[in-house]
$ cat input.pdb   # PDB, C-alpha atoms, pLDDT in the B column
ATOM      1  CA  MET M  27      97.487  97.711 100.888  1.00 42.00           C
ATOM      2  CA  ASP M  28      96.481  95.503  97.968  1.00 44.00           C
ATOM      3  CA  LEU M  29      95.732  91.861  98.663  1.00 43.00           C
ATOM      4  CA  ILE M  30      96.223  89.055  96.162  1.00 40.00           C
ATOM      5  CA  PRO M  31      93.050  86.992  95.686  1.00 48.00           C
ATOM      6  CA  GLY M  32      93.250  83.568  97.279  1.00 46.00           C
ATOM      7  CA  SER M  33      96.218  84.392  99.534  1.00 46.00           C
ATOM      8  CA  SER M  34      96.403  82.526 102.831  1.00 47.00           C
ATOM      9  CA  SER M  35      96.221  85.715 104.904  1.00 47.00           C
ATOM     10  CA  MET M  36      92.575  86.129 103.793  1.00 48.00           C
ATOM     11  CA  TYR M  37      91.525  82.914 105.510  1.00 56.00           C
ATOM     12  CA  ASP M  38      93.769  82.546 108.571  1.00 60.00           C
ATOM     13  CA  ASN M  39      91.813  82.877 111.838  1.00 85.00           C
ATOM     14  CA  MET M  40      88.688  84.059 110.006  1.00 89.00           C
ATOM     15  CA  VAL M  41      85.795  85.227 112.183  1.00 88.00           C
ATOM     16  CA  ALA M  42      82.405  83.631 111.461  1.00 87.00           C
ATOM     17  CA  CYS M  43      80.448  86.847 111.026  1.00 87.00           C
ATOM     18  CA  SER M  44      77.321  88.115 109.302  1.00 90.00           C
ATOM     19  CA  VAL M  45      77.643  90.831 106.644  1.00 93.00           C
ATOM     20  CA  LYS M  46      74.414  92.822 106.411  1.00 93.00           C
ATOM     21  CA  ALA M  47      73.077  94.423 103.255  1.00 94.00           C
ATOM     22  CA  PRO M  48      74.267  97.993 102.556  1.00 93.00           C
ATOM     23  CA  VAL M  49      72.105 100.822 103.868  1.00 93.00           C
ATOM     24  CA  SER M  50      72.207 104.139 102.016  1.00 90.00           C
ATOM     25  CA  LEU M  51      72.415 107.451 103.837  1.00 82.00           C
ATOM     26  CA  GLN M  52      70.560 110.159 101.962  1.00 66.00           C
ATOM     27  CA  ILE M  53      69.583 113.724 102.768  1.00 56.00           C
ATOM     28  CA  GLY M  54      66.118 114.832 101.705  1.00 52.00           C
ATOM     29  CA  ASN M  55      63.116 112.862 100.500  1.00 54.00           C
ATOM     30  CA  MET M  56      64.200 109.295  99.744  1.00 50.00           C
ATOM     31  CA  VAL M  57      61.095 108.739  97.571  1.00 53.00           C
ATOM     32  CA  THR M  58      61.367 111.719  95.238  1.00 49.00           C
ATOM     33  CA  ASP M  59      65.118 112.280  95.313  1.00 51.00           C
ATOM     34  CA  THR M  60      66.676 109.810  92.828  1.00 53.00           C
ATOM     35  CA  ALA M  61      70.197 111.180  92.972  1.00 56.00           C
ATOM     36  CA  ASN M  62      73.058 108.935  94.033  1.00 63.00           C
ATOM     37  CA  PRO M  63      73.277 109.211  97.846  1.00 68.00           C
ATOM     38  CA  GLY M  64      77.053 108.771  97.797  1.00 90.00           C
ATOM     39  CA  VAL M  65      77.206 107.105 101.253  1.00 94.00           C
ATOM     40  CA  LEU M  66      76.565 103.470 102.205  1.00 95.00           C
ATOM     41  CA  VAL M  67      76.822 101.703 105.557  1.00 96.00           C
ATOM     42  CA  ILE M  68      77.629  97.998 105.928  1.00 96.00           C
ATOM     43  CA  ASP M  69      77.426  96.371 109.372  1.00 96.00           C
ATOM     44  CA  VAL M  70      79.403  93.218 110.116  1.00 94.00           C
ATOM     45  CA  THR M  71      78.452  91.415 113.325  1.00 90.00           C
ATOM     46  CA  SER M  72      79.787  88.342 115.109  1.00 81.00           C
ATOM     47  CA  PRO M  73      77.379  85.585 116.185  1.00 74.00           C
ATOM     48  CA  GLU M  74      75.813  86.124 119.628  1.00 68.00           C
ATOM     49  CA  CYS M  75      77.889  89.319 119.974  1.00 67.00           C
ATOM     50  CA  THR M  76      81.010  87.303 120.808  1.00 80.00           C
ATOM     51  CA  SER M  77      83.982  89.619 121.229  1.00 87.00           C
ATOM     52  CA  PHE M  78      87.251  89.112 119.373  1.00 91.00           C
ATOM     53  CA  ASN M  79      90.568  90.867 118.762  1.00 93.00           C
ATOM     54  CA  LEU M  80      90.559  92.114 115.198  1.00 94.00           C
ATOM     55  CA  GLN M  81      93.628  91.361 113.091  1.00 94.00           C
ATOM     56  CA  GLU M  82      92.633  92.236 109.522  1.00 95.00           C
ATOM     57  CA  ILE M  83      89.773  93.361 107.298  1.00 96.00           C
ATOM     58  CA  SER M  84      89.962  92.199 103.684  1.00 96.00           C
ATOM     59  CA  PHE M  85      87.586  92.835 100.786  1.00 97.00           C
ATOM     60  CA  LYS M  86      87.216  93.439  97.077  1.00 97.00           C
ATOM     61  CA  ASN M  87      86.359  96.984  96.103  1.00 97.00           C
ATOM     62  CA  ASN M  88      83.380  97.767  93.879  1.00 97.00           C
ATOM     63  CA  TYR M  89      83.768 101.404  92.869  1.00 96.00           C
ATOM     64  CA  THR M  90      84.022 102.781  96.424  1.00 96.00           C
ATOM     65  CA  ALA M  91      86.284 105.824  96.643  1.00 96.00           C
ATOM     66  CA  PHE M  92      86.731 106.259 100.420  1.00 97.00           C
ATOM     67  CA  LEU M  93      86.253 104.018 103.439  1.00 97.00           C
ATOM     68  CA  MET M  94      85.731 104.712 107.135  1.00 97.00           C
ATOM     69  CA  VAL M  95      85.787 101.912 109.715  1.00 97.00           C
ATOM     70  CA  ARG M  96      84.071 102.046 113.102  1.00 96.00           C
ATOM     71  CA  LEU M  97      84.231  99.355 115.782  1.00 95.00           C
ATOM     72  CA  HIS M  98      81.810  98.399 118.522  1.00 93.00           C
ATOM     73  CA  LYS M  99      84.322  97.990 121.336  1.00 92.00           C
ATOM     74  CA  GLN M 100      83.650  96.530 124.767  1.00 88.00           C
ATOM     75  CA  ASP M 101      85.261  97.682 127.984  1.00 84.00           C
ATOM     76  CA  PRO M 102      87.156  94.631 129.359  1.00 80.00           C
ATOM     77  CA  ASN M 103      86.628  95.901 132.913  1.00 80.00           C
ATOM     78  CA  SER M 104      82.898  96.384 132.333  1.00 76.00           C
ATOM     79  CA  PRO M 105      81.474  93.832 129.834  1.00 69.00           C
ATOM     80  CA  GLY M 106      78.117  95.598 129.678  1.00 75.00           C
ATOM     81  CA  ASN M 107      79.712  98.902 128.682  1.00 83.00           C
ATOM     82  CA  ALA M 108      80.410  99.189 124.931  1.00 87.00           C
ATOM     83  CA  LYS M 109      80.635 102.080 122.487  1.00 91.00           C
ATOM     84  CA  TRP M 110      81.316 102.853 118.835  1.00 94.00           C
ATOM     85  CA  VAL M 111      84.805 104.165 118.081  1.00 95.00           C
ATOM     86  CA  THR M 112      86.436 105.206 114.801  1.00 96.00           C
ATOM     87  CA  CYS M 113      89.601 103.271 113.925  1.00 95.00           C
ATOM     88  CA  LEU M 114      90.086 104.374 110.303  1.00 95.00           C
ATOM     89  CA  ARG M 115      89.165 107.665 108.615  1.00 94.00           C
ATOM     90  CA  ASN M 116      88.813 108.464 104.898  1.00 93.00           C
ATOM     91  CA  TYR M 117      90.912 105.538 103.697  1.00 96.00           C
ATOM     92  CA  GLN M 118      91.326 106.105  99.947  1.00 96.00           C
ATOM     93  CA  LEU M 119      90.553 103.124  97.713  1.00 97.00           C
ATOM     94  CA  MET M 120      90.398 104.934  94.358  1.00 97.00           C
ATOM     95  CA  PRO M 121      93.064 107.580  93.611  1.00 95.00           C
ATOM     96  CA  CYS M 122      90.492 109.424  91.509  1.00 95.00           C
ATOM     97  CA  PRO M 123      86.756 108.743  92.104  1.00 95.00           C
ATOM     98  CA  HIS M 124      85.973 109.460  88.436  1.00 94.00           C
ATOM     99  CA  THR M 125      88.354 106.871  86.927  1.00 94.00           C
ATOM    100  CA  GLU M 126      88.621 103.069  87.011  1.00 94.00           C
ATOM    101  CA  GLU M 127      91.909 102.838  88.928  1.00 95.00           C
ATOM    102  CA  GLY M 128      91.430 100.877  92.172  1.00 95.00           C
ATOM    103  CA  ALA M 129      87.723 100.392  91.461  1.00 96.00           C
ATOM    104  CA  GLN M 130      87.864  96.578  91.561  1.00 96.00           C
ATOM    105  CA  ASP M 131      91.077  95.862  93.461  1.00 97.00           C
ATOM    106  CA  TYR M 132      91.503  93.652  96.528  1.00 97.00           C
ATOM    107  CA  PHE M 133      92.473  95.406  99.764  1.00 97.00           C
ATOM    108  CA  SER M 134      93.627  94.386 103.224  1.00 96.00           C
ATOM    109  CA  ILE M 135      93.603  96.635 106.298  1.00 96.00           C
ATOM    110  CA  SER M 136      95.645  95.353 109.241  1.00 95.00           C
ATOM    111  CA  ARG M 137      95.386  96.315 112.906  1.00 94.00           C
ATOM    112  CA  GLN M 138      98.689  98.212 112.612  1.00 95.00           C
ATOM    113  CA  GLN M 139      96.969 100.733 110.306  1.00 95.00           C
ATOM    114  CA  MET M 140      94.173 101.494 112.776  1.00 95.00           C
ATOM    115  CA  LEU M 141      94.001 104.491 115.079  1.00 94.00           C
ATOM    116  CA  ILE M 142      93.140 102.440 118.173  1.00 93.00           C
ATOM    117  CA  GLU M 143      93.862  98.940 119.432  1.00 93.00           C
ATOM    118  CA  PRO M 144      91.041  96.852 117.883  1.00 94.00           C
ATOM    119  CA  ASP M 145      90.496  94.424 120.776  1.00 93.00           C
ATOM    120  CA  ASN M 146      87.264  93.231 122.428  1.00 92.00           C
ATOM    121  CA  ILE M 147      85.247  93.933 119.266  1.00 92.00           C
ATOM    122  CA  THR M 148      81.661  92.708 118.770  1.00 91.00           C
ATOM    123  CA  ALA M 149      80.770  94.473 115.488  1.00 94.00           C
ATOM    124  CA  VAL M 150      82.380  96.355 112.600  1.00 96.00           C
ATOM    125  CA  ARG M 151      80.731  99.190 110.686  1.00 96.00           C
ATOM    126  CA  LEU M 152      82.035 100.060 107.206  1.00 97.00           C
ATOM    127  CA  ILE M 153      81.066 103.513 105.911  1.00 96.00           C
ATOM    128  CA  LEU M 154      81.549 103.814 102.140  1.00 97.00           C
ATOM    129  CA  ARG M 155      81.698 107.067 100.153  1.00 95.00           C
ATOM    130  CA  GLN M 156      81.617 107.678  96.423  1.00 94.00           C
ATOM    131  CA  PRO M 157      81.350 111.401  95.615  1.00 93.00           C
ATOM    132  CA  SER M 158      81.427 110.848  91.850  1.00 93.00           C
ATOM    133  CA  SER M 159      78.130 110.653  89.960  1.00 90.00           C
ATOM    134  CA  VAL M 160      79.786 108.644  87.179  1.00 92.00           C
ATOM    135  CA  TRP M 161      79.021 105.311  88.860  1.00 93.00           C
ATOM    136  CA  LEU M 162      75.418 104.295  89.456  1.00 89.00           C
ATOM    137  CA  ASN M 163      76.306 101.676  92.080  1.00 92.00           C
ATOM    138  CA  PHE M 164      79.190 101.054  94.449  1.00 95.00           C
ATOM    139  CA  GLY M 165      79.989  98.889  97.452  1.00 96.00           C
ATOM    140  CA  LEU M 166      82.325  96.206  98.800  1.00 97.00           C
ATOM    141  CA  GLU M 167      82.427  92.487  98.039  1.00 96.00           C
ATOM    142  CA  GLU M 168      83.924  89.403  99.731  1.00 95.00           C
ATOM    143  CA  VAL M 169      84.219  91.142 103.085  1.00 96.00           C
ATOM    144  CA  ARG M 170      86.219  89.004 105.518  1.00 95.00           C
ATOM    145  CA  ILE M 171      87.434  89.679 109.037  1.00 94.00           C
ATOM    146  CA  SER M 172      90.196  87.749 110.808  1.00 94.00           C
ATOM    147  CA  GLU M 173      91.181  87.783 114.468  1.00 92.00           C
ATOM    148  CA  THR M 174      94.568  87.600 116.111  1.00 88.00           C
ATOM    149  CA  GLY M 175      96.010  84.126 116.575  1.00 78.00           C
ATOM    150  CA  LYS M 176      97.704  82.539 119.558  1.00 53.00           C
ATOM    151  CA  ASP M 177     100.776  83.979 121.191  1.00 50.00           C
ATOM    152  CA  ASP M 178     104.093  82.823 119.785  1.00 45.00           C
ATOM    153  CA  SER M 179     104.754  80.852 122.972  1.00 42.00           C
ATOM    154  CA  GLU M 180     101.578  78.808 122.417  1.00 46.00           C
ATOM    155  CA  LYS M 181     102.234  77.927 118.813  1.00 47.00           C
ATOM    156  CA  THR M 182     103.307  74.367 118.074  1.00 48.00           C
ATOM    157  CA  LEU M 183     106.740  74.116 116.529  1.00 51.00           C
ATOM    158  CA  PRO M 184     107.376  71.723 113.649  1.00 53.00           C
ATOM    159  CA  SER M 185     109.109  68.487 114.611  1.00 52.00           C
ATOM    160  CA  TRP M 186     112.173  69.275 112.515  1.00 49.00           C
ATOM    161  CA  ILE M 187     112.783  72.485 114.501  1.00 51.00           C
ATOM    162  CA  SER M 188     112.580  70.729 117.853  1.00 52.00           C
ATOM    163  CA  SER M 189     115.212  68.222 116.713  1.00 54.00           C
ATOM    164  CA  LEU M 190     117.827  70.880 116.002  1.00 57.00           C
ATOM    165  CA  THR M 191     120.787  71.174 118.364  1.00 55.00           C
ATOM    166  CA  PRO M 192     120.578  74.329 120.506  1.00 58.00           C
ATOM    167  CA  VAL M 193     123.223  76.982 120.011  1.00 57.00           C
ATOM    168  CA  GLY M 194     126.186  76.457 122.317  1.00 55.00           C
ATOM    169  CA  GLN M 195     125.367  72.790 122.933  1.00 57.00           C
ATOM    170  CA  ALA M 196     127.793  70.315 121.330  1.00 54.00           C
ATOM    171  CA  PRO M 197     126.233  67.342 119.577  1.00 54.00           C
ATOM    172  CA  LYS M 198     126.666  63.941 121.201  1.00 58.00           C
ATOM    173  CA  CYS M 199     129.270  61.664 119.629  1.00 52.00           C
ATOM    174  CA  GLN M 200     129.382  57.915 119.768  1.00 54.00           C
ATOM    175  CA  ASN M 201     133.102  57.875 120.667  1.00 58.00           C
ATOM    176  CA  ALA M 202     134.756  59.991 123.301  1.00 59.00           C
ATOM    177  CA  VAL M 203     136.750  62.977 122.067  1.00 63.00           C
ATOM    178  CA  PRO M 204     140.555  62.471 122.600  1.00 67.00           C
ATOM    179  CA  ASP M 205     142.321  64.477 125.239  1.00 70.00           C
ATOM    180  CA  PRO M 206     143.555  67.716 123.593  1.00 70.00           C
ATOM    181  CA  ASP M 207     146.708  67.710 125.776  1.00 71.00           C
ATOM    182  CA  LYS M 208     147.686  64.257 124.498  1.00 72.00           C
ATOM    183  CA  ILE M 209     147.059  65.331 120.921  1.00 73.00           C
ATOM    184  CA  SER M 210     149.252  68.413 121.389  1.00 71.00           C
ATOM    185  CA  SER M 211     152.048  66.331 122.935  1.00 72.00           C
ATOM    186  CA  SER M 212     151.980  63.822 120.060  1.00 73.00           C
ATOM    187  CA  ILE M 213     152.115  66.583 117.475  1.00 76.00           C
ATOM    188  CA  GLN M 214     155.143  68.118 119.186  1.00 73.00           C
ATOM    189  CA  GLN M 215     156.950  64.749 119.219  1.00 74.00           C
ATOM    190  CA  MET M 216     156.236  64.236 115.525  1.00 77.00           C
ATOM    191  CA  TRP M 217     157.494  67.705 114.741  1.00 71.00           C
ATOM    192  CA  ALA M 218     160.718  67.092 116.710  1.00 72.00           C
ATOM    193  CA  LEU M 219     161.285  63.742 114.970  1.00 72.00           C
ATOM    194  CA  THR M 220     160.814  65.396 111.593  1.00 73.00           C
ATOM    195  CA  GLU M 221     163.423  68.026 112.437  1.00 69.00           C
ATOM    196  CA  VAL M 222     165.944  65.330 113.480  1.00 64.00           C
ATOM    197  CA  MET M 223     165.429  63.361 110.284  1.00 69.00           C
ATOM    198  CA  GLN M 224     165.851  66.449 108.112  1.00 67.00           C
ATOM    199  CA  SER M 225     169.079  67.479 109.904  1.00 64.00           C
ATOM    200  CA  SER M 226     170.664  63.989 109.598  1.00 61.00           C
ATOM    201  CA  LYS M 227     169.719  63.398 105.960  1.00 57.00           C
ATOM    202  CA  THR M 228     172.748  62.615 103.789  1.00 55.00           C
ATOM    203  CA  THR M 229     173.612  64.663 100.723  1.00 53.00           C
ATOM    204  CA  ALA M 230     175.573  61.859  98.945  1.00 52.00           C
ATOM    205  CA  ARG M 231     174.123  60.655  95.638  1.00 54.00           C
ATOM    206  CA  VAL M 232     173.153  56.999  95.569  1.00 49.00           C
ATOM    207  CA  GLY M 233     173.321  55.348  92.168  1.00 53.00           C
ATOM    208  CA  ARG M 234     170.525  53.192  90.944  1.00 53.00           C
ATOM    209  CA  PHE M 235     172.652  50.008  90.772  1.00 52.00           C
ATOM    210  CA  ASP M 236     175.534  50.923  93.066  1.00 53.00           C
ATOM    211  CA  VAL M 237     176.710  48.273  95.546  1.00 55.00           C
ATOM    212  CA  ASP M 238     179.654  49.488  97.673  1.00 57.00           C
ATOM    213  CA  GLY M 239     180.695  51.871  94.915  1.00 56.00           C
ATOM    214  CA  CYS M 240     180.531  49.206  92.157  1.00 59.00           C
ATOM    215  CA  TYR M 241     177.833  48.015  89.799  1.00 54.00           C
ATOM    216  CA  ASP M 242     176.244  44.631  90.368  1.00 55.00           C
ATOM    217  CA  ILE M 243     176.330  42.566  87.161  1.00 58.00           C
ATOM    218  CA  ASN M 244     173.226  40.621  88.173  1.00 58.00           C
ATOM    219  CA  LEU M 245     171.229  43.787  88.640  1.00 53.00           C
ATOM    220  CA  LEU M 246     172.397  45.146  85.300  1.00 53.00           C
ATOM    221  CA  SER M 247     171.344  41.955  83.505  1.00 51.00           C
ATOM    222  CA  TYR M 248     167.710  42.437  84.491  1.00 50.00           C
ATOM    223  CA  THR M 249     167.455  45.945  83.027  1.00 49.00           C
TER     224      THR M 249
END
$ encode --input "input.pdb" --output "structure tokens"
Amino acid sequence: MDLIPGSSSMYDNMVACSVKAPVSLQIGNMVTDTANPGVLVIDVTSPECTSFNLQEISFKNNYTAFLMVRLHKQDPNSPGNAKWVTCLRNYQLMPCPHTEEGAQDYFSISRQQMLIEPDNITAVRLILRQPSSVWLNFGLEEVRISETGKDDSEKTLPSWISSLTPVGQAPKCQNAVPDPDKISSSIQQMWALTEVMQSSKTTARVGRFDVDGCYDINLLSYT
């Protein structure tokens, strides 16, 4: 999974850890054999071997083709008993080791992608492989490790959320709500009165200036 540089997920709950210098693994005489070893190991340790629950590993690639991640995991029932376990195998960072694609991208590996539950961790070991002889050097940069945060129940809610009215709870009104039975009765009376008025309405035409069937001279003089 690519990670955008500077995103907040890179810094949330970051573990204060020490990233050691890469150590090359090479077969044969390390003095006379100048060929590219193709394998590097980077150890990341927490201060005073404090255990944590790993959430995410983020880094910038530097021409590494494949990555393996191992964790130094403690037994919660026996604090003195710890062992190295593999949580990620042959994770591909470059689609083709001989080309530039993915060579300098940012990556993020979450706990959901790991083979085991990464809890009670005291150290992380990154094993880098670059089988291509095209690149003289390879590695990882800006390695960061974050741990899991608090449970959802322990998180503090914003003040505007706490002020919202719960579902199913009517908001308080300053004035009391009228009795629905009285409202229904009043509506029925109004409806009945309207029906009576419509049925008794006359159909005779009333002239504009008619007074007992005759025109009023005074009214006509003002028009």
$ resolve_selection --input "input.pdb" --expression "the PyMOL selection byres ((chain M and resi 163) around 9)" --output "list in words"
Asn62, Asn88, Tyr89, Thr90, Trp161, Leu162, Phe164 and Gly165 of chain M
$ atom_distance --input "input.pdb" --atom1 "atom CA of M:Pro123" --atom2 "atom CA of M:Leu166"
14.9 Å
$ resolve_selection --input "input.pdb" --expression "the PyMOL selection byres ((chain M and resi 73) around 12)" --output "mmCIF file with C-alpha atoms, in the coordinates of the input"
data_model
loop_
_atom_site.group_PDB
_atom_site.id
_atom_site.type_symbol
_atom_site.label_atom_id
_atom_site.label_comp_id
_atom_site.auth_asym_id
_atom_site.auth_seq_id
_atom_site.Cartn_x
_atom_site.Cartn_y
_atom_site.Cartn_z
ATOM 1 C CA VAL M 41 85.795 85.227 112.183
ATOM 2 C CA ALA M 42 82.405 83.631 111.461
ATOM 3 C CA CYS M 43 80.448 86.847 111.026
ATOM 4 C CA SER M 44 77.321 88.115 109.302
ATOM 5 C CA VAL M 45 77.643 90.831 106.644
ATOM 6 C CA VAL M 70 79.403 93.218 110.116
ATOM 7 C CA THR M 71 78.452 91.415 113.325
ATOM 8 C CA SER M 72 79.787 88.342 115.109
ATOM 9 C CA GLU M 74 75.813 86.124 119.628
ATOM 10 C CA CYS M 75 77.889 89.319 119.974
ATOM 11 C CA THR M 76 81.010 87.303 120.808
ATOM 12 C CA SER M 77 83.982 89.619 121.229
ATOM 13 C CA PHE M 78 87.251 89.112 119.373
ATOM 14 C CA ILE M 147 85.247 93.933 119.266
ATOM 15 C CA THR M 148 81.661 92.708 118.770
ATOM 16 C CA ALA M 149 80.770 94.473 115.488
#
$ atom_distance --input "input.pdb" --atom1 "atom CA of M:Arg170" --atom2 "atom CA of M:Asn103"
28.3 Å
$ closest_residue --input "input.pdb" --among "M:Arg155, M:Val160, M:Val111, M:His124" --to "M:Leu141" --atoms "only C-alpha atoms"
M:Val111
$ resolve_selection --input "input.pdb" --expression "the PyMOL selection byres ((chain M and resi 146) around 12)" --output "count of residues only"
32
$ build_atoms --input "input.pdb" --residues "stretch 143-164 of chain M" --atoms "N, CA, C and O atoms" --output "PDB file, in the frame of the given file"
ATOM      1  N   GLU M 143      93.637 100.376 119.327  1.00 93.00           N
ATOM      2  CA  GLU M 143      93.862  98.940 119.432  1.00 93.00           C
ATOM      3  C   GLU M 143      92.532  98.207 119.257  1.00 93.00           C
ATOM      4  O   GLU M 143      91.641  98.316 120.109  1.00 93.00           O
ATOM      5  N   PRO M 144      92.359  97.454 118.179  1.00 94.00           N
ATOM      6  CA  PRO M 144      91.041  96.852 117.883  1.00 94.00           C
ATOM      7  C   PRO M 144      90.799  95.544 118.638  1.00 94.00           C
ATOM      8  O   PRO M 144      90.628  94.477 118.032  1.00 94.00           O
ATOM      9  N   ASP M 145      90.733  95.605 119.949  1.00 93.00           N
ATOM     10  CA  ASP M 145      90.496  94.424 120.776  1.00 93.00           C
ATOM     11  C   ASP M 145      89.116  94.502 121.420  1.00 93.00           C
ATOM     12  O   ASP M 145      88.546  95.582 121.574  1.00 93.00           O
ATOM     13  N   ASN M 146      88.593  93.328 121.802  1.00 92.00           N
ATOM     14  CA  ASN M 146      87.264  93.231 122.428  1.00 92.00           C
ATOM     15  C   ASN M 146      86.182  93.833 121.530  1.00 92.00           C
ATOM     16  O   ASN M 146      85.374  94.655 121.961  1.00 92.00           O
ATOM     17  N   ILE M 147      86.171  93.403 120.266  1.00 92.00           N
ATOM     18  CA  ILE M 147      85.247  93.933 119.266  1.00 92.00           C
ATOM     19  C   ILE M 147      84.062  92.971 119.094  1.00 92.00           C
ATOM     20  O   ILE M 147      84.233  91.749 119.032  1.00 92.00           O
ATOM     21  N   THR M 148      82.864  93.519 119.007  1.00 91.00           N
ATOM     22  CA  THR M 148      81.661  92.708 118.770  1.00 91.00           C
ATOM     23  C   THR M 148      81.024  93.001 117.415  1.00 91.00           C
ATOM     24  O   THR M 148      80.226  92.184 116.928  1.00 91.00           O
ATOM     25  N   ALA M 149      81.347  94.137 116.785  1.00 94.00           N
ATOM     26  CA  ALA M 149      80.770  94.473 115.488  1.00 94.00           C
ATOM     27  C   ALA M 149      81.682  95.467 114.771  1.00 94.00           C
ATOM     28  O   ALA M 149      82.434  96.215 115.407  1.00 94.00           O
ATOM     29  N   VAL M 150      81.597  95.452 113.448  1.00 96.00           N
ATOM     30  CA  VAL M 150      82.380  96.355 112.600  1.00 96.00           C
ATOM     31  C   VAL M 150      81.412  97.079 111.679  1.00 96.00           C
ATOM     32  O   VAL M 150      80.533  96.453 111.062  1.00 96.00           O
ATOM     33  N   ARG M 151      81.574  98.381 111.572  1.00 96.00           N
ATOM     34  CA  ARG M 151      80.731  99.190 110.686  1.00 96.00           C
ATOM     35  C   ARG M 151      81.608  99.817 109.606  1.00 96.00           C
ATOM     36  O   ARG M 151      82.539 100.575 109.906  1.00 96.00           O
ATOM     37  N   LEU M 152      81.294  99.527 108.353  1.00 97.00           N
ATOM     38  CA  LEU M 152      82.035 100.060 107.206  1.00 97.00           C
ATOM     39  C   LEU M 152      81.204 101.160 106.568  1.00 97.00           C
ATOM     40  O   LEU M 152      80.069 100.917 106.136  1.00 97.00           O
ATOM     41  N   ILE M 153      81.752 102.360 106.505  1.00 96.00           N
ATOM     42  CA  ILE M 153      81.066 103.513 105.911  1.00 96.00           C
ATOM     43  C   ILE M 153      81.746 103.836 104.587  1.00 96.00           C
ATOM     44  O   ILE M 153      82.914 104.213 104.548  1.00 96.00           O
ATOM     45  N   LEU M 154      81.014 103.665 103.491  1.00 97.00           N
ATOM     46  CA  LEU M 154      81.549 103.814 102.140  1.00 97.00           C
ATOM     47  C   LEU M 154      81.110 105.156 101.535  1.00 97.00           C
ATOM     48  O   LEU M 154      79.946 105.549 101.692  1.00 97.00           O
ATOM     49  N   ARG M 155      82.036 105.802 100.822  1.00 95.00           N
ATOM     50  CA  ARG M 155      81.698 107.067 100.153  1.00 95.00           C
ATOM     51  C   ARG M 155      82.162 107.034  98.704  1.00 95.00           C
ATOM     52  O   ARG M 155      83.276 106.598  98.422  1.00 95.00           O
ATOM     53  N   GLN M 156      81.291 107.513  97.830  1.00 94.00           N
ATOM     54  CA  GLN M 156      81.617 107.678  96.423  1.00 94.00           C
ATOM     55  C   GLN M 156      81.033 109.013  95.963  1.00 94.00           C
ATOM     56  O   GLN M 156      79.853 109.111  95.635  1.00 94.00           O
ATOM     57  N   PRO M 157      81.865 110.068  95.967  1.00 93.00           N
ATOM     58  CA  PRO M 157      81.350 111.401  95.615  1.00 93.00           C
ATOM     59  C   PRO M 157      81.083 111.589  94.127  1.00 93.00           C
ATOM     60  O   PRO M 157      80.394 112.540  93.734  1.00 93.00           O
ATOM     61  N   SER M 158      81.604 110.691  93.289  1.00 93.00           N
ATOM     62  CA  SER M 158      81.427 110.848  91.850  1.00 93.00           C
ATOM     63  C   SER M 158      80.051 110.343  91.417  1.00 93.00           C
ATOM     64  O   SER M 158      79.577 109.305  91.888  1.00 93.00           O
ATOM     65  N   SER M 159      79.433 111.059  90.508  1.00 90.00           N
ATOM     66  CA  SER M 159      78.130 110.653  89.960  1.00 90.00           C
ATOM     67  C   SER M 159      78.292 109.787  88.711  1.00 90.00           C
ATOM     68  O   SER M 159      77.301 109.422  88.075  1.00 90.00           O
ATOM     69  N   VAL M 160      79.539 109.454  88.372  1.00 92.00           N
ATOM     70  CA  VAL M 160      79.786 108.644  87.179  1.00 92.00           C
ATOM     71  C   VAL M 160      79.270 107.223  87.363  1.00 92.00           C
ATOM     72  O   VAL M 160      78.753 106.615  86.432  1.00 92.00           O
ATOM     73  N   TRP M 161      79.392 106.704  88.591  1.00 93.00           N
ATOM     74  CA  TRP M 161      79.021 105.311  88.860  1.00 93.00           C
ATOM     75  C   TRP M 161      77.630 105.248  89.503  1.00 93.00           C
ATOM     76  O   TRP M 161      77.343 105.923  90.477  1.00 93.00           O
ATOM     77  N   LEU M 162      76.771 104.423  88.925  1.00 89.00           N
ATOM     78  CA  LEU M 162      75.418 104.295  89.456  1.00 89.00           C
ATOM     79  C   LEU M 162      75.392 103.508  90.759  1.00 89.00           C
ATOM     80  O   LEU M 162      74.582 103.788  91.652  1.00 89.00           O
ATOM     81  N   ASN M 163      76.276 102.512  90.896  1.00 92.00           N
ATOM     82  CA  ASN M 163      76.306 101.676  92.080  1.00 92.00           C
ATOM     83  C   ASN M 163      77.744 101.525  92.572  1.00 92.00           C
ATOM     84  O   ASN M 163      78.695 101.575  91.782  1.00 92.00           O
ATOM     85  N   PHE M 164      77.875 101.312  93.863  1.00 95.00           N
ATOM     86  CA  PHE M 164      79.190 101.054  94.449  1.00 95.00           C
ATOM     87  C   PHE M 164      78.987 100.240  95.720  1.00 95.00           C
ATOM     88  O   PHE M 164      77.873 100.113  96.238  1.00 95.00           O
TER      89      PHE M 164
END
